[in-house]
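> Contents of run-v3.pdb (PDB, C-alpha atoms):
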```pdb
MODEL        1
ATOM      1  CA  MET V  26     108.263 118.632  52.257
ATOM      2  CA  MET V  27     104.790 119.643  53.438
ATOM      3  CA  THR V  28     104.379 116.266  55.132
ATOM      4  CA  ILE V  29     107.564 116.787  57.137
ATOM      5  CA  LEU V  30     106.504 120.327  58.040
ATOM      6  CA  TRP V  31     103.105 119.171  59.316
ATOM      7  CA  ALA V  32     104.772 116.379  61.284
ATOM      8  CA  LEU V  33     107.070 118.935  62.938
ATOM      9  CA  ILE V  34     104.118 121.195  63.731
ATOM     10  CA  VAL V  35     102.195 118.304  65.310
ATOM     11  CA  LEU V  36     105.281 117.279  67.305
ATOM     12  CA  LEU V  37     105.747 120.848  68.507
ATOM     13  CA  LEU V  38     102.101 121.058  69.585
ATOM     14  CA  ILE V  39     102.473 117.792  71.503
ATOM     15  CA  VAL V  40     105.594 119.085  73.285
ATOM     16  CA  ILE V  41     103.850 122.368  74.153
ATOM     17  CA  THR V  42     100.765 120.522  75.441
ATOM     18  CA  ILE V  43     102.830 118.198  77.629
ATOM     19  CA  SER V  44     104.856 121.125  78.983
ATOM     20  CA  LEU V  45     101.713 123.086  79.834
ATOM     21  CA  LEU V  46     100.238 120.016  81.521
ATOM     22  CA  ILE V  47     103.364 119.550  83.650
ATOM     23  CA  VAL V  48     103.276 123.211  84.685
ATOM     24  CA  TYR V  49      99.568 122.953  85.526
ATOM     25  CA  LEU V  50     100.042 119.824  87.643
ATOM     26  CA  ARG V  51     102.945 121.383  89.529
ATOM     27  CA  GLN V  52     100.967 124.542  90.207
ATOM     28  CA  ARG V  53      97.970 122.512  91.319
ATOM     29  CA  ASP V  54     100.087 120.435  93.712
ATOM     30  CA  GLN V  55     101.739 123.584  95.074
ATOM     31  CA  THR V  56      98.373 125.268  95.615
ATOM     32  CA  ARG V  57      97.049 122.145  97.324
ATOM     33  CA  ARG V  58     100.100 121.921  99.576
ATOM     34  CA  GLU V  59      99.844 125.581 100.561
ATOM     35  CA  ALA V  60      96.156 125.081 101.439
ATOM     36  CA  ILE V  61      97.018 122.094 103.653
ATOM     37  CA  GLU V  62      99.831 124.043 105.334
ATOM     38  CA  ALA V  63      97.367 126.857 106.025
ATOM     39  CA  LEU V  64      94.868 124.326 107.428
ATOM     40  CA  ALA V  65      97.467 122.843 109.787
ATOM     41  CA  ALA V  66      98.492 126.310 110.984
ATOM     42  CA  ARG V  67      94.895 127.414 111.506
ATOM     43  CA  ARG V  68      93.917 124.295 113.462
ATOM     44  CA  GLY V  69      97.186 124.006 115.388
ATOM     45  CA  TRP V  70      98.076 120.619 113.875
ATOM     46  CA  SER V  71     101.499 119.336 112.922
ATOM     47  CA  LEU V  72     102.091 118.466 109.269
ATOM     48  CA  MET V  73     104.555 116.107 107.586
ATOM     49  CA  ILE V  74     104.718 115.333 103.865
ATOM     50  CA  THR V  75     107.079 112.731 102.378
ATOM     51  CA  SER V  76     107.507 111.953  98.702
ATOM     52  CA  GLN V  77     107.144 108.561  97.095
ATOM     53  CA  SER V  78     110.445 106.725  96.657
ATOM     54  CA  LEU V  79     111.898 103.214  96.296
ATOM     55  CA  GLY V  80     108.477 101.592  96.351
ATOM     56  CA  ARG V  81     107.407 103.446  99.477
ATOM     57  CA  PRO V  82     104.170 105.437  99.361
ATOM     58  CA  SER V  83     103.968 109.193  99.565
ATOM     59  CA  ILE V  84     102.574 110.138 102.982
ATOM     60  CA  LEU V  85     100.761 113.211 104.165
ATOM     61  CA  ARG V  86     100.393 113.178 107.956
ATOM     62  CA  LEU V  87      98.456 115.540 110.193
ATOM     63  CA  ALA V  88      98.640 115.126 113.961
ATOM     64  CA  SER V  89      97.439 116.783 117.134
ATOM     65  CA  ARG V  90      99.815 119.042 119.070
ATOM     66  CA  SER V  91      97.706 119.139 122.224
ATOM     67  CA  GLY V  92      94.799 117.285 123.779
ATOM     68  CA  PRO V  93      94.104 113.617 122.975
ATOM     69  CA  ALA V  94      96.742 112.137 120.687
ATOM     70  CA  TRP V  95      95.731 111.339 117.116
ATOM     71  CA  GLN V  96      97.194 111.335 113.648
ATOM     72  CA  ALA V  97      95.607 111.248 110.201
ATOM     73  CA  GLU V  98      97.569 109.867 107.266
ATOM     74  CA  THR V  99      96.844 109.672 103.580
ATOM     75  CA  LYS V 100      99.071 107.257 101.677
ATOM     76  CA  ARG V 101      99.446 107.052  97.932
ATOM     77  CA  PHE V 102     101.062 103.898  96.580
ATOM     78  CA  GLU V 103     102.568 103.690  93.121
ATOM     79  CA  ALA V 104     100.813 101.257  90.809
ATOM     80  CA  ARG V 105     103.094  98.477  89.611
ATOM     81  CA  SER V 106     102.795  95.938  86.849
ATOM     82  CA  GLY V 107      99.876  93.674  87.691
ATOM     83  CA  VAL V 108      99.369  95.375  91.068
ATOM     84  CA  LYS V 109      96.723  98.043  91.510
ATOM     85  CA  ALA V 110      97.615 100.940  93.802
ATOM     86  CA  GLU V 111      95.728 100.721  97.111
ATOM     87  CA  ASN V 112      95.609 104.254  98.459
ATOM     88  CA  ILE V 113      94.225 104.816 101.955
ATOM     89  CA  THR V 114      93.430 107.588 104.382
ATOM     90  CA  GLU V 115      93.329 106.708 108.073
ATOM     91  CA  TYR V 116      92.759 108.474 111.382
ATOM     92  CA  HIS V 117      94.295 106.721 114.384
ATOM     93  CA  SER V 118      93.900 107.631 118.037
ATOM     94  CA  THR V 119      95.298 105.621 120.930
ATOM     95  CA  ALA V 120      93.415 107.786 123.422
ATOM     96  CA  THR V 121      90.409 105.446 123.328
ATOM     97  CA  SER V 122      90.318 101.679 122.812
ATOM     98  CA  TRP V 123      88.456  98.441 123.578
ATOM     99  CA  ALA V 124      90.789  96.196 125.548
ATOM    100  CA  ASP V 125      90.868  92.542 124.486
ATOM    101  CA  ASN V 126      88.062  93.074 121.986
ATOM    102  CA  LEU V 127      87.527  94.248 118.426
ATOM    103  CA  MET V 128      84.687  96.139 116.771
ATOM    104  CA  ILE V 129      84.412  96.944 113.057
ATOM    105  CA  ILE V 130      81.671  99.179 111.661
ATOM    106  CA  CYS V 131      80.959  99.554 107.950
ATOM    107  CA  HIS V 132      78.124 100.280 105.553
ATOM    108  CA  ARG V 133      75.769  97.476 104.650
ATOM    109  CA  PRO V 134      76.104  96.283 101.024
ATOM    110  CA  GLY V 135      73.486  97.952  98.873
ATOM    111  CA  ASP V 136      73.267 100.996 101.130
ATOM    112  CA  SER V 137      71.737 103.713  98.972
ATOM    113  CA  ALA V 138      74.292 106.196 100.341
ATOM    114  CA  GLY V 139      77.077 104.500  98.456
ATOM    115  CA  GLU V 140      76.668 100.723  98.191
ATOM    116  CA  ALA V 141      79.756 100.185 100.270
ATOM    117  CA  GLY V 142      80.929  98.297 103.213
ATOM    118  CA  GLY V 143      80.838  94.843 104.521
ATOM    119  CA  ALA V 144      81.294  91.257 103.605
ATOM    120  CA  THR V 145      78.692  90.094 101.159
ATOM    121  CA  SER V 146      77.859  86.963 103.130
ATOM    122  CA  ALA V 147      77.053  88.815 106.371
ATOM    123  CA  SER V 148      73.616  88.224 107.777
ATOM    124  CA  ASN V 149      71.895  89.888 110.690
ATOM    125  CA  THR V 150      73.576  87.693 113.292
ATOM    126  CA  GLY V 151      76.032  84.826 113.485
ATOM    127  CA  ALA V 152      79.692  84.073 112.870
ATOM    128  CA  ILE V 153      81.473  85.471 109.823
ATOM    129  CA  ASP V 154      84.468  84.711 107.644
ATOM    130  CA  GLN V 155      87.590  86.396 109.001
ATOM    131  CA  ASP V 156      89.128  86.582 105.516
ATOM    132  CA  GLU V 157      86.216  88.748 104.408
ATOM    133  CA  VAL V 158      86.791  91.093 107.346
ATOM    134  CA  ARG V 159      90.541  91.200 106.690
ATOM    135  CA  ALA V 160      89.834  92.241 103.097
ATOM    136  CA  LEU V 161      87.644  95.022 104.441
ATOM    137  CA  VAL V 162      90.036  96.490 107.028
ATOM    138  CA  GLY V 163      93.372  95.764 105.342
ATOM    139  CA  GLN V 164      96.222  93.346 105.814
ATOM    140  CA  ASP V 165      97.841  95.407 108.588
ATOM    141  CA  ILE V 166      95.336  93.877 111.014
ATOM    142  CA  GLY V 167      97.122  90.611 110.255
ATOM    143  CA  ASP V 168      96.184  87.566 112.295
ATOM    144  CA  SER V 169      94.979  89.601 115.265
ATOM    145  CA  ILE V 170      91.304  89.326 114.335
ATOM    146  CA  PRO V 171      89.440  87.423 117.066
ATOM    147  CA  PRO V 172      86.248  85.488 116.303
ATOM    148  CA  LEU V 173      83.603  88.066 115.356
ATOM    149  CA  GLN V 174      79.838  88.139 115.063
ATOM    150  CA  VAL V 175      77.478  90.483 113.286
ATOM    151  CA  TRP V 176      75.329  92.322 115.839
ATOM    152  CA  PRO V 177      71.916  93.911 115.188
ATOM    153  CA  ALA V 178      72.288  97.604 114.401
ATOM    154  CA  HIS V 179      70.959 100.291 112.064
ATOM    155  CA  GLU V 180      69.693  98.939 108.731
ATOM    156  CA  ARG V 181      72.342 100.917 106.822
ATOM    157  CA  MET V 182      75.354  99.653 108.727
ATOM    158  CA  ILE V 183      76.958  96.431 109.913
ATOM    159  CA  VAL V 184      78.636  96.071 113.293
ATOM    160  CA  TYR V 185      81.135  93.221 113.656
ATOM    161  CA  ALA V 186      82.302  92.648 117.220
ATOM    162  CA  SER V 187      83.984  90.039 119.383
ATOM    163  CA  ALA V 188      81.625  90.870 122.287
ATOM    164  CA  ASP V 189      78.326  92.704 122.698
ATOM    165  CA  PRO V 190      79.118  96.206 121.347
ATOM    166  CA  SER V 191      76.350  97.785 123.418
ATOM    167  CA  PHE V 192      78.615  97.310 126.466
ATOM    168  CA  ARG V 193      81.060  99.724 124.792
ATOM    169  CA  VAL V 194      78.869 102.244 122.943
ATOM    170  CA  ASP V 195      75.226 103.172 122.434
ATOM    171  CA  LEU V 196      74.476 101.776 118.965
ATOM    172  CA  GLY V 197      71.801 104.385 118.290
ATOM    173  CA  ASP V 198      74.248 107.210 118.941
ATOM    174  CA  LEU V 199      76.882 105.363 116.918
ATOM    175  CA  ALA V 200      74.567 105.167 113.903
ATOM    176  CA  LYS V 201      73.899 108.917 114.016
ATOM    177  CA  VAL V 202      77.596 109.775 113.973
ATOM    178  CA  PHE V 203      78.728 107.002 111.615
ATOM    179  CA  LEU V 204      76.076 107.664 108.957
ATOM    180  CA  ASP V 205      76.804 111.388 108.952
ATOM    181  CA  TRP V 206      79.759 110.937 106.588
ATOM    182  CA  GLU V 207      79.271 112.380 103.082
ATOM    183  CA  PRO V 208      81.564 110.458 100.706
ATOM    184  CA  LEU V 209      84.314 112.282  98.848
ATOM    185  CA  LYS V 210      84.485 109.462  96.315
ATOM    186  CA  ALA V 211      81.710 107.407  94.733
ATOM    187  CA  GLY V 212      81.390 103.673  95.326
ATOM    188  CA  PRO V 213      82.633 101.357  98.081
ATOM    189  CA  ARG V 214      86.003 103.069  98.478
ATOM    190  CA  GLY V 215      84.292 106.313  99.391
ATOM    191  CA  GLN V 216      82.685 104.861 102.504
ATOM    192  CA  ILE V 217      84.050 104.865 106.034
ATOM    193  CA  VAL V 218      85.289 101.813 107.929
ATOM    194  CA  VAL V 219      85.689 102.177 111.709
ATOM    195  CA  ILE V 220      87.907  99.847 113.770
ATOM    196  CA  LEU V 221      88.067  99.883 117.579
ATOM    197  CA  GLY V 222      90.326  97.491 119.455
ATOM    198  CA  ASN V 223      93.443  97.103 121.575
ATOM    199  CA  SER V 224      95.445  99.520 119.430
ATOM    200  CA  GLY V 225      92.872 102.290 119.657
ATOM    201  CA  LEU V 226      90.406 103.821 117.218
ATOM    202  CA  ARG V 227      90.996 103.729 113.476
ATOM    203  CA  VAL V 228      88.778 105.460 110.935
ATOM    204  CA  ARG V 229      89.634 104.399 107.411
ATOM    205  CA  LEU V 230      88.884 105.393 103.835
ATOM    206  CA  ARG V 231      90.071 103.183 100.999
ATOM    207  CA  HIS V 232      91.268 106.117  98.908
ATOM    208  CA  SER V 233      93.627 109.047  99.400
ATOM    209  CA  VAL V 234      92.312 112.431 100.511
ATOM    210  CA  ASN V 235      94.628 115.186  99.338
ATOM    211  CA  GLY V 236      92.611 118.405  99.492
ATOM    212  CA  ALA V 237      92.555 120.628 102.573
ATOM    213  CA  ASP V 238      88.741 120.730 102.759
ATOM    214  CA  GLY V 239      88.423 116.951 102.533
ATOM    215  CA  LEU V 240      91.142 116.360 105.123
ATOM    216  CA  GLU V 241      89.589 118.807 107.564
ATOM    217  CA  ARG V 242      86.173 117.204 107.158
ATOM    218  CA  PHE V 243      87.648 113.724 107.611
ATOM    219  CA  VAL V 244      89.513 114.696 110.792
ATOM    220  CA  ASP V 245      86.481 116.475 112.273
ATOM    221  CA  TYR V 246      84.274 113.473 111.478
ATOM    222  CA  SER V 247      86.778 111.069 113.034
ATOM    223  CA  THR V 248      87.091 113.297 116.103
ATOM    224  CA  GLY V 249      83.327 113.028 116.511
ATOM    225  CA  LEU V 250      83.654 109.246 116.585
ATOM    226  CA  TYR V 251      86.523 109.529 119.069
ATOM    227  CA  ARG V 252      84.362 111.634 121.393
ATOM    228  CA  LEU V 253      81.539 109.123 121.123
ATOM    229  CA  PHE V 254      83.770 106.198 122.083
ATOM    230  CA  SER V 255      85.388 108.251 124.856
ATOM    231  CA  ARG V 256      82.168 108.912 126.755
ATOM    232  CA  PRO V 257      82.301 107.565 130.310
TER     233      PRO V 257
ENDMDL
END
```
Show this structure as structure tokens.

Amino acid sequence: MMTILWALIVLLLIVITISLLIVYLRQRDQTRREAIEALAARRGWSLMITSQSLGRPSILRLASRSGPAWQAETKRFEARSGVKAENITEYHSTATSWADNLMIICHRPGDSAGEAGGATSASNTGAIDQDEVRALVGQDIGDSIPPLQVWPAHERMIVYASADPSFRVDLGDLAKVFLDWEPLKAGPRGQIVVILGNSGLRVRLRHSVNGADGLERFVDYSTGLYRLFSRP
């Protein structure tokens, strides 16, 4: 009899714990959403949030209402059997681009700021493996990657480009802005990847950013890169 009673008590405690956890998570998500709504209102940005369904990721999208067009999305994919969820956050602006060329900027492997970034076989100059770059920037780039080279730049970053990047941007100024990012997540996924090409400027993180403070910092950082690439 006592054994059954203790089993019921343990079961009740488990149910109470799970219920409290569900309530906490819902309250946390609601608080986070309200903070993001307040951020969008304060900065004059549009906001769209869609839930995850039928294998599609949940999407949180901020976008400009005036001035140069941009949008920032954070996508959260559901992990499936044998497939790890690949969450991303990306800023995209079509207001600046590099016609008929491609430039990719990332941290050099072993960078003390986060040990993140580029293909492990990259050297200071020379041709590189496109598959390594595709793994870095994501499959959405597809087969549109032209032949790239690694160009001399700051010791903490790698610049891949299809043509001399100094014709497009001052690499010293680029390093100052690019290396100013303070990761929100430890390790390689916490580091920024910048892509400039025909489709505009993309600034990518390989993890989701869901808090208002992190999203605001990410957008402001990306806007700084946009301004740099938009200089006459």
> Could you check which of V:Met128, V:Ile183, V:Ile61, V:Ile34 is closest to Ser224 in chain V, using all atoms listed in the file?
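Using all atoms listed in the file, Ser224 in chain V sits closest to V:Met128.
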> With distances taken over all atoms listed in the file, which of V:Ile29, V:Leu87, V:Ile220, V:Val202 is nearest to Val234 in chain V?
V:Leu87
> Ala88 in chain V: which residues within 7 Å, counting all atoms listed in the file, same-chain residues fewer than 4 positions away excluded, as number ranges by chain?
V: 70-72, 95-97
> Could you name the residues that touch Val194 in chain V at 8 Å or less, counting all atoms listed in the file, but leaving out those on the same chain fewer than 3 positions away, as an mmCIF file with C-alpha atoms, keeping the file's coordinate frame?

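Result file is around_26.cif:
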```cif
data_model
loop_
_atom_site.group_PDB
_atom_site.id
_atom_site.type_symbol
_atom_site.label_atom_id
_atom_site.label_comp_id
_atom_site.auth_asym_id
_atom_site.auth_seq_id
_atom_site.Cartn_x
_atom_site.Cartn_y
_atom_site.Cartn_z
ATOM 1 C CA PRO V 190 79.118 96.206 121.347
ATOM 2 C CA SER V 191 76.350 97.785 123.418
ATOM 3 C CA ASP V 198 74.248 107.210 118.941
ATOM 4 C CA LEU V 199 76.882 105.363 116.918
ATOM 5 C CA LEU V 253 81.539 109.123 121.123
ATOM 6 C CA PHE V 254 83.770 106.198 122.083
#
```
> Please report the interatomic distance between CA of Leu85 in chain V and CA of Met73 in chain V in Å with one decimal.
5.9 Å
> Would you please work out which residue, of V:Thr42, V:Thr248, V:Asn112, V:Thr119, is nearest to Leu230 in chain V when using all atoms listed in the file?
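Distance minimum relative to Leu230 in chain V lands on V:Asn112.
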> Just so the selection is clear, what residues does the PyMOL selection byres ((chain V and resi 94) around 7) cover here, as number ranges by chain?
V: 89, 92-93, 95, 118-120
